[in-house]
Amino acid sequence: MKKRPDSYMCRVVCLSKTMFVSTICILPLCHRTYNDAWHHEINSSRIMKYRSIFIFCCLLFFSMPHAHAIEIDSLLLQVGSAKDDSSKVDLLNQLSWNYLVQNHPDKSQPYLEHALALAKRLNYVKGEAVAHNYLGVKHQIGSDYAEAFSEYLLSAKLNEKAGYKKGIAFSNQSIGAIYYIQGNYEEAINHYSKAGKIYAQLGDKEGIAYIHSNNAGCYLKLEKYDEALENYYHALNLFSEKNNQSAMSLQLNMIGESYALKGDYVAALECYDESLTLAQYENSPRLMASASIGMGQTFIANGAFDKARRYINRALSLSSTIRNLVNSREMYKALSTLDSASGNWAQAYQNHLLYIAYRDSVRNDEGSEETIKAQMEYAFDKKETIARAEQEKKDINARNLRNAIAGVLAGSLVFLVVVYRQRNKTEKERKRSEALLLNILPEEIAEELKANGRAEARDFEKVTVLFTDFKNFTQASAKLDASELVQEINAYYEAFDAICEQYDIEKIKTIGDSYMAAGGLPVPFEASVRNTVLAALEMQAFSKQRKAAMDKLGKPSFEMRVGLHTGPVVAGIVGIKKFQYDIWGDAVNMASRLETNGAVSKVNISHATHEHVKDDPDFAFVHRGNIEAKGKGRIEMWFVESKSNNGVSHFDAK
């Protein structure tokens, strides 16, 4: 991660150069908060107004209001004393743009009209094109998309006439944004790509970054998640080069949503966490709230309700200062889900009412707090009216009372059905996440982690560490393309995983072409040393058969060394993301040296391992004597062979 710029002014300059692209063309960048893929009942055309305003305000937050105010004052003085030439047109356009940046579109109007009139009188085509583009921005902020589109088309023609390449790119991006709002994503991609080609010619990396982000948003809408991720990552890398941390946070948010929509919740959580870290660094309540909502929704999908509640509550606290209807809607819906899953029906009902109130506010484009409060008061008043009606039923017409009660029961029944379905869904996701956890960690460690939130490191006195490595791997792999190489390595590692499971030994990790496992943990057992030796022999037998099969086909093949050593280790979980069960100790280093000083197609064991299995009738040994090992001095080593299977693997090596 690059360092933050040394001064706020540096950030202001950076943002002022990219604000046009950010405000008008980065609509797809903020899908996460508003994406109706999460909530199908919301009509996207109705909330587009809120989406564009949210993006505009979100980006404004990262600029420095006082610095802009000083710039506006300075521009006003310059405009007052400037001669009627092209420079004055540029000053008028810049002044109007600064008002747009500060979300004062009405104040920009007279300066844009002045700029247009003067540009036409001077036949200054470039200045006229910029003014029309800024008028499009003004109309788009006001949700008048038809007028915005007309202005962008006119600006594009004038930019072409003036030969102003960056202006042509701006216009195409702006037109693409309107197509995106209309739901015509293919046409949006077409215009974004035209702008991207121009940015590439100009060497404008930040412009290219926004194009990747725009296209990614379209692919996300088209449910082409792999294409979306590819573009988001391109944009993230370019924003990282420019140290545009606000844009990086938004990109990570979108990458997180893309993974979540694909069902890869582990990757989604990692991206949301990185987005939240950047948002905290930038001290942006909007970005922090958006990332927190993403974390909460993903934890709900995983069945981690306590963590989900923590992040949703945090987003709720942040959103109270930024007054965002759609954020509030999503948070209360999540809280209702969490309360229903935990059996807190009363609170679930209250949060459900709040969710409905915010949802209806978005649907009806009634964005004020007063409207939300009125709807909430109506919902609660209705509930209280029903309660009073039950107390005063002697004074109420029987027919009206029955209708009221029937309405309440029907509403409650619908709500309970929704809750029941949601609980079933969350239970399925919980089982899925548990299966994923067991695929990453040993069962005993996973249970300890779920019960206590952490797993303590433990000492083991007798663990047999196994290392494998392919001889001349680099030279052999050079003969294969990337997909063939991965496929070939995977053939070995799938077999090794099955062998480890057969002999009840624990796979620790893979490091490139090296495979590491250990017998005797996390639960020690008497036959662990013998089983690890048997597993090593089985792996070597598979390797020989695989090489023979590949040689017969005339394809590149690998030869393997295996080394084992028995001794004490410490085992536990490292890191807070992407949990990994790992082991440490001198026994690990010794096993690595045994592998390095072994021979292809052989299993090389230490004196300590030999002492545990030397009397086993199934093994034959070849004493190698004391051999010099790097960093360990002279080590007594033995080759071990199987007397029973004659080097034949039980696993298919074809």
# chains A, B, ... in the order shown; residues from 1 in each chain; ligands from 1

call {"tool": "residues_around", "arguments": {"residues": "Phe149 (chain A)", "least_positions_apart": "5", "cutoff": "12 Å", "atoms": "only C-alpha atoms", "output": "number ranges by chain"}}
result
A: 24, 132-140, 143-144, 154-156, 171-182

call {"tool": "residues_around", "arguments": {"residues": "Gly567 (chain A)", "least_positions_apart": "5", "cutoff": "6 Å", "atoms": "only C-alpha atoms", "output": "list in words"}}
result
Lys462, Val463 and Ala587 of chain A

call {"tool": "closest_residue", "arguments": {"among": "A:Ala518, A:Met331, A:Leu236, A:Val89", "to": "Gln297 (chain A)", "atoms": "only C-alpha atoms"}}
result
A:Met331

call {"tool": "residues_around", "arguments": {"residues": "Val562 (chain A)", "least_positions_apart": "5", "cutoff": "7 Å", "atoms": "only C-alpha atoms", "output": "PyMOL selection string"}}
result
chain A and resi 467-469+536+595+598+602-604

call {"tool": "residues_around", "arguments": {"residues": "Ser543 (chain A)", "least_positions_apart": "3", "cutoff": "8 Å", "atoms": "only C-alpha atoms", "output": "PyMOL selection string"}}
result
chain A and resi 492+539-540+546-547+558-560+601+653

call {"tool": "residues_around", "arguments": {"residues": "region 263-273 of chain A", "least_positions_apart": "5", "cutoff": "9 Å", "atoms": "only C-alpha atoms", "output": "ChimeraX atom specification"}}
result
/A:249,252-258,278,291-292,294-295,298-299,301-302,433,577-578

call {"tool": "residues_around", "arguments": {"residues": "region 99-106 of chain A", "least_positions_apart": "3", "cutoff": "7 Å", "atoms": "only C-alpha atoms", "output": "CSV table (one decimal) with C-alpha atoms, in the first residue's frame"}}
result
chain,number,residue,atom,x,y,z
A,60,LEU,CA,-16.9,15.8,-2.3
A,95,LEU,CA,-15.9,28.6,-11.7
A,96,SER,CA,-19.1,26.8,-12.7
A,109,GLN,CA,-26.0,28.1,-14.2
A,138,LYS,CA,-25.8,20.0,-13.8

call {"tool": "residues_around", "arguments": {"residues": "Phe621 (chain A)", "least_positions_apart": "6", "cutoff": "12 Å", "atoms": "only C-alpha atoms", "output": "ChimeraX atom specification"}}
result
/A:533,602-607,609-611,613-615,637-643
